[in-house]
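Participant: A single structure is presented below for examination.
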Amino acid sequence: MTNSQNKELITKLIELILTYCMSFFSRQYSQYGNEAKGHHIVSRLEYLLDDYYATNEQHSKGLPTVRFCADCLCLAPNYLGDLIRQETGDSANHFIGRYIIRHAKDLLMSGKSVTETAYMLGFDFPSHLSRLFNRLEGITPTVYVKQITKKKDISSTSPS
């Protein structure tokens with residue numbers, strides 16, 4: 001074989017491999033359709049997190065992780081992250097964090113203290129909840145509660 005024949009053969013093999021990869025990729029994303037698959041995986045992840053907290057698994061397993069969620073959904077962690085990022089524009093880790101913060105807000109507004117809320121959600125220390133809350137919301141849980149109660153006080157004293 002000549003040098004040009006070797007180059008041509010290598011080029012054809014690379015082309016064949018890339019064609020196979022594109023075919024595989026297309027099948028992965030067309031299983032539910034791009035949009036439906038994204039919505040499907042987001043709703044499955046939210047259902048999984050709802051179930052995780054409803055069964056109080058956070059007390060024995062701690063906070064849910066991307067790896068745990070991916071394993072439960074029979075997906076690779078990176079693939080789950082890619083699907084969540086594609087659908088929401090956020091990482092899977094932030095998606096889970098935002099889910100936890102939504103529940104923290106509900107608990108805080110129901111009168112639970114930051115400490116009670118942290119332990120109910122599976123944090124080892126209340127400061128870990130405060131750090132996550134501050135990173136995602138820009139304020140601490142205590143400041144959040146003060147702001148909400150202040151808004152409630154203002155709306156209840158203003159004439160209707």
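Residues are named by chain letter and number: chains run A, B, ... in the order of the structure tokens, numbers start at 1 in each chain, and ligands are numbered from 1 in the order shown.
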Find the residues near segment 60-73 of chain A: any atom within 8 Å, counting only C-alpha atoms, skip ones fewer than 6 places away on the same chain, and give them as a count of residues only.

Facilitator: 14

Participant: Counting only C-alpha atoms, what is within 12 Å of Arg98 of chain A, bar same-chain residues fewer than 3 positions away, as a list of chain:residue names?

Facilitator: A:Glu46, A:Leu49, A:Thr88, A:Asp90, A:Ser91, A:Ala92, A:Asn93, A:His94, A:Phe95, A:Ile101, A:Arg102, A:His103, A:Ala104, A:Lys105, A:Leu129, A:Leu132, A:Phe133, A:Asn134, A:Arg135, A:Leu136, A:Glu137

Participant: Can you tell me which residues surround Pro126 of chain A at a distance of at most 12 Å, considering only C-alpha atoms, apart from same-chain residues fewer than 4 positions away, and format the answer as an mmCIF file with N, CA, C and O atoms, in the first residue's frame?

Facilitator:
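Saved to selection.cif:
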```cif
data_model
loop_
_atom_site.group_PDB
_atom_site.id
_atom_site.type_symbol
_atom_site.label_atom_id
_atom_site.label_comp_id
_atom_site.auth_asym_id
_atom_site.auth_seq_id
_atom_site.Cartn_x
_atom_site.Cartn_y
_atom_site.Cartn_z
ATOM 1 N N ALA A 104 -36.747 24.069 51.789
ATOM 2 C CA ALA A 104 -36.270 24.813 52.960
ATOM 3 C C ALA A 104 -37.140 26.048 53.167
ATOM 4 O O ALA A 104 -37.533 26.361 54.305
ATOM 5 N N SER A 113 -37.319 26.524 62.618
ATOM 6 C CA SER A 113 -36.076 27.288 62.737
ATOM 7 C C SER A 113 -35.102 26.815 61.647
ATOM 8 O O SER A 113 -35.314 25.770 61.019
ATOM 9 N N VAL A 114 -34.037 27.552 61.459
ATOM 10 C CA VAL A 114 -33.022 27.174 60.477
ATOM 11 C C VAL A 114 -32.413 25.829 60.860
ATOM 12 O O VAL A 114 -32.202 24.962 60.006
ATOM 13 N N THR A 115 -32.166 25.639 62.142
ATOM 14 C CA THR A 115 -31.582 24.380 62.619
ATOM 15 C C THR A 115 -32.518 23.207 62.347
ATOM 16 O O THR A 115 -32.090 22.172 61.813
ATOM 17 N N GLU A 116 -33.798 23.358 62.717
ATOM 18 C CA GLU A 116 -34.769 22.286 62.464
ATOM 19 C C GLU A 116 -34.870 21.982 60.969
ATOM 20 O O GLU A 116 -34.897 20.815 60.569
ATOM 21 N N THR A 117 -34.923 23.023 60.184
ATOM 22 C CA THR A 117 -35.035 22.868 58.728
ATOM 23 C C THR A 117 -33.832 22.118 58.174
ATOM 24 O O THR A 117 -33.979 21.197 57.361
ATOM 25 N N ALA A 118 -32.652 22.502 58.621
ATOM 26 C CA ALA A 118 -31.425 21.860 58.133
ATOM 27 C C ALA A 118 -31.438 20.365 58.424
ATOM 28 O O ALA A 118 -31.166 19.550 57.531
ATOM 29 N N TYR A 119 -31.781 20.002 59.631
ATOM 30 C CA TYR A 119 -31.785 18.584 59.997
ATOM 31 C C TYR A 119 -32.916 17.832 59.298
ATOM 32 O O TYR A 119 -32.741 16.680 58.900
ATOM 33 N N MET A 120 -34.057 18.476 59.110
ATOM 34 C CA MET A 120 -35.172 17.823 58.411
ATOM 35 C C MET A 120 -34.825 17.542 56.949
ATOM 36 O O MET A 120 -35.308 16.571 56.373
ATOM 37 N N LEU A 121 -33.991 18.391 56.351
ATOM 38 C CA LEU A 121 -33.629 18.215 54.947
ATOM 39 C C LEU A 121 -32.422 17.300 54.747
ATOM 40 O O LEU A 121 -32.083 16.958 53.617
ATOM 41 N N GLY A 122 -31.760 16.899 55.845
ATOM 42 C CA GLY A 122 -30.650 15.962 55.736
ATOM 43 C C GLY A 122 -29.271 16.578 55.814
ATOM 44 O O GLY A 122 -28.272 15.902 55.558
ATOM 45 N N SER A 130 -27.253 27.035 55.419
ATOM 46 C CA SER A 130 -27.071 28.478 55.254
ATOM 47 C C SER A 130 -26.139 28.787 54.089
ATOM 48 O O SER A 130 -26.391 29.698 53.300
ATOM 49 N N ARG A 131 -25.085 28.023 53.960
ATOM 50 C CA ARG A 131 -24.129 28.237 52.873
ATOM 51 C C ARG A 131 -24.778 27.970 51.515
ATOM 52 O O ARG A 131 -24.631 28.764 50.570
ATOM 53 N N LEU A 132 -25.512 26.865 51.391
ATOM 54 C CA LEU A 132 -26.202 26.548 50.137
ATOM 55 C C LEU A 132 -27.259 27.601 49.824
ATOM 56 O O LEU A 132 -27.361 28.087 48.696
ATOM 57 N N PHE A 133 -28.031 27.961 50.828
ATOM 58 C CA PHE A 133 -29.086 28.963 50.669
ATOM 59 C C PHE A 133 -28.484 30.282 50.192
ATOM 60 O O PHE A 133 -28.971 30.897 49.238
ATOM 61 N N THR A 140 -29.059 34.761 53.461
ATOM 62 C CA THR A 140 -29.100 33.639 54.404
ATOM 63 C C THR A 140 -30.557 33.280 54.700
ATOM 64 O O THR A 140 -31.459 34.100 54.476
ATOM 65 N N PRO A 141 -30.807 32.095 55.219
ATOM 66 C CA PRO A 141 -32.179 31.715 55.574
ATOM 67 C C PRO A 141 -32.800 32.658 56.608
ATOM 68 O O PRO A 141 -33.983 32.984 56.520
ATOM 69 N N THR A 142 -32.004 33.120 57.548
ATOM 70 C CA THR A 142 -32.514 34.031 58.577
ATOM 71 C C THR A 142 -32.974 35.345 57.961
ATOM 72 O O THR A 142 -34.051 35.855 58.295
#
```

Participant: I'd like the interatomic distance between atom CA of Ser43 of chain A and atom CA of Leu108 of chain A, to a tenth of an Å.

Facilitator: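 Those two atoms sit 24.9 Å apart.
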